[in-house]
Amino acid sequence: MIKIKKAKLSDAKEISNLKRETFERINGKDYTKEQIKDFNNLNTVNKLINNIKKSGNWKRKIFCAWKGDKLLGVIDLERNKIGGLFVKHGLIGKGIGSKLLKFIEDYARKKRISKVYLFSTKFAFDFYSKKGYKLIRKKPTKNRFTNLKMEKIL
Ligand SMILES: CC(C)(COP(=O)(O)OP(=O)(O)OC[C@H]1O[C@@H](n2cnc3c(N)ncnc32)[C@H](O)[C@@H]1OP(=O)(O)O)[C@@H](O)C(=O)NCCC(=O)NCCS
């Protein structure tokens with residue numbers, strides 16, 4: 001059974017490893033070495049610890065999907081911005097991403113958020129389209145690794 005729980009400080013290392021591994025193995029082909037480095041720098045254990053510590057009120061909240069003690073995927077919400085949806089690289093295409101996305105949309109609805117947005121990777125664009133997200137801005141930027149801004153009315 002998959003359980004989705006708010007991230008704890010002790011989860012930071014596993015979250016960091018999962019995000020960095022999935023980005024390199026699954027998204028790596030779409031990005032330059034510098035962009036991969038930027039991504040890794042944004043997802044160090046220390047950065048994640050800070051994000052988890054600051055997760056009060058409207059600050060970014062990170063949630064993890066677990067099966068027993070195995071971390072399957074992560075997602076976060078900061079105000080009405082969804083971020084950091086990553087599934088463990090060997091478990092892609094098994095419904096974990098859908099579960100996490102539905103969880104965060106339901107969580108946002110409970111907070112009376114009526115519209116959410118995100119920046120999709122190239123890889124995830126068709127996934128989000130299937131889930132009802134519409135492209136609202138496609139801006140070519142130099143060193144950003146996500147430039148496909150998408151939104152959904154909840
Ligand atoms: C994008 C991602 C989160 C989706 O999670 P997932 O667990 O692999 O997706 P699911 O198994 O829930 O798939 C749900 C549906 O989307 C489809 N789908 C998933 N990824 C897809 C993709 N890249 N392109 C097209 N369709 C995709 C599945 O076929 C499935 O369709 P179905 O319901 O008709 O069978 C996951 O693949 C991932 O972590 N990718 C790498 C990191 C990434 O790019 N994250 C997005 C950051 S913005």
# chains A, B, ... in the order shown; residues from 1 in each chain; ligands from 1
>>> residues_near_ligand(ligand="ligand 1", cutoff="9 Å", atoms="only C-alpha atoms and all ligand atoms", output="PyMOL selection string")
chain A and resi 19+22-23+25-27+73-75+82-89+91-101+118-131+146+148
>>> atom_distance(atom1="CA of Tyr31 in chain A", atom2="CA of Asn46 in chain A")
23.8 Å
>>> residues_around(residues="Ile62 in chain A", least_positions_apart="3", cutoff="10 Å", atoms="only C-alpha atoms", output="compact mmCIF listing (two decimals) with C-alpha atoms, in the first residue's frame")
# COMPACT_ATOMS: atom_id res chain seq x y z
CA LYS A 5 3.15 11.76 4.12
CA LYS A 6 4.61 15.18 4.82
CA ALA A 7 8.40 15.11 4.54
CA LYS A 8 10.44 14.94 7.75
CA ILE A 15 14.62 12.88 -1.28
CA LEU A 48 16.10 20.12 1.29
CA ASN A 51 12.90 23.63 2.74
CA ILE A 52 11.47 21.04 5.12
CA SER A 55 7.44 24.43 5.54
CA LYS A 59 5.82 28.05 2.53
CA VAL A 74 8.02 13.28 -4.05
CA ILE A 75 6.02 16.43 -4.81
CA ASP A 76 5.73 19.88 -3.27
CA LEU A 77 3.34 22.82 -3.12
CA GLU A 78 4.22 26.45 -2.44
CA ILE A 82 3.27 22.66 -7.71
CA GLY A 83 6.91 21.63 -7.89
CA GLY A 84 9.36 18.83 -7.60
CA LEU A 85 7.25 15.91 -8.82
CA ILE A 104 -1.51 17.60 -4.08
>>> residues_around(residues="Thr44 in chain A", least_positions_apart="2", cutoff="10 Å", atoms="only C-alpha atoms", output="list in words")
Ala12, Lys13, Ile15, Ser16, Asn17, Lys19, Arg20, Phe39, Asn40, Asn41, Leu42, Asn46, Lys47, Leu48 and Ile49 of chain A
>>> closest_residue(among="A:Met150, A:Leu135, A:Ile113, A:Ala65", to="Met1 in chain A", atoms="only C-alpha atoms")
A:Ala65
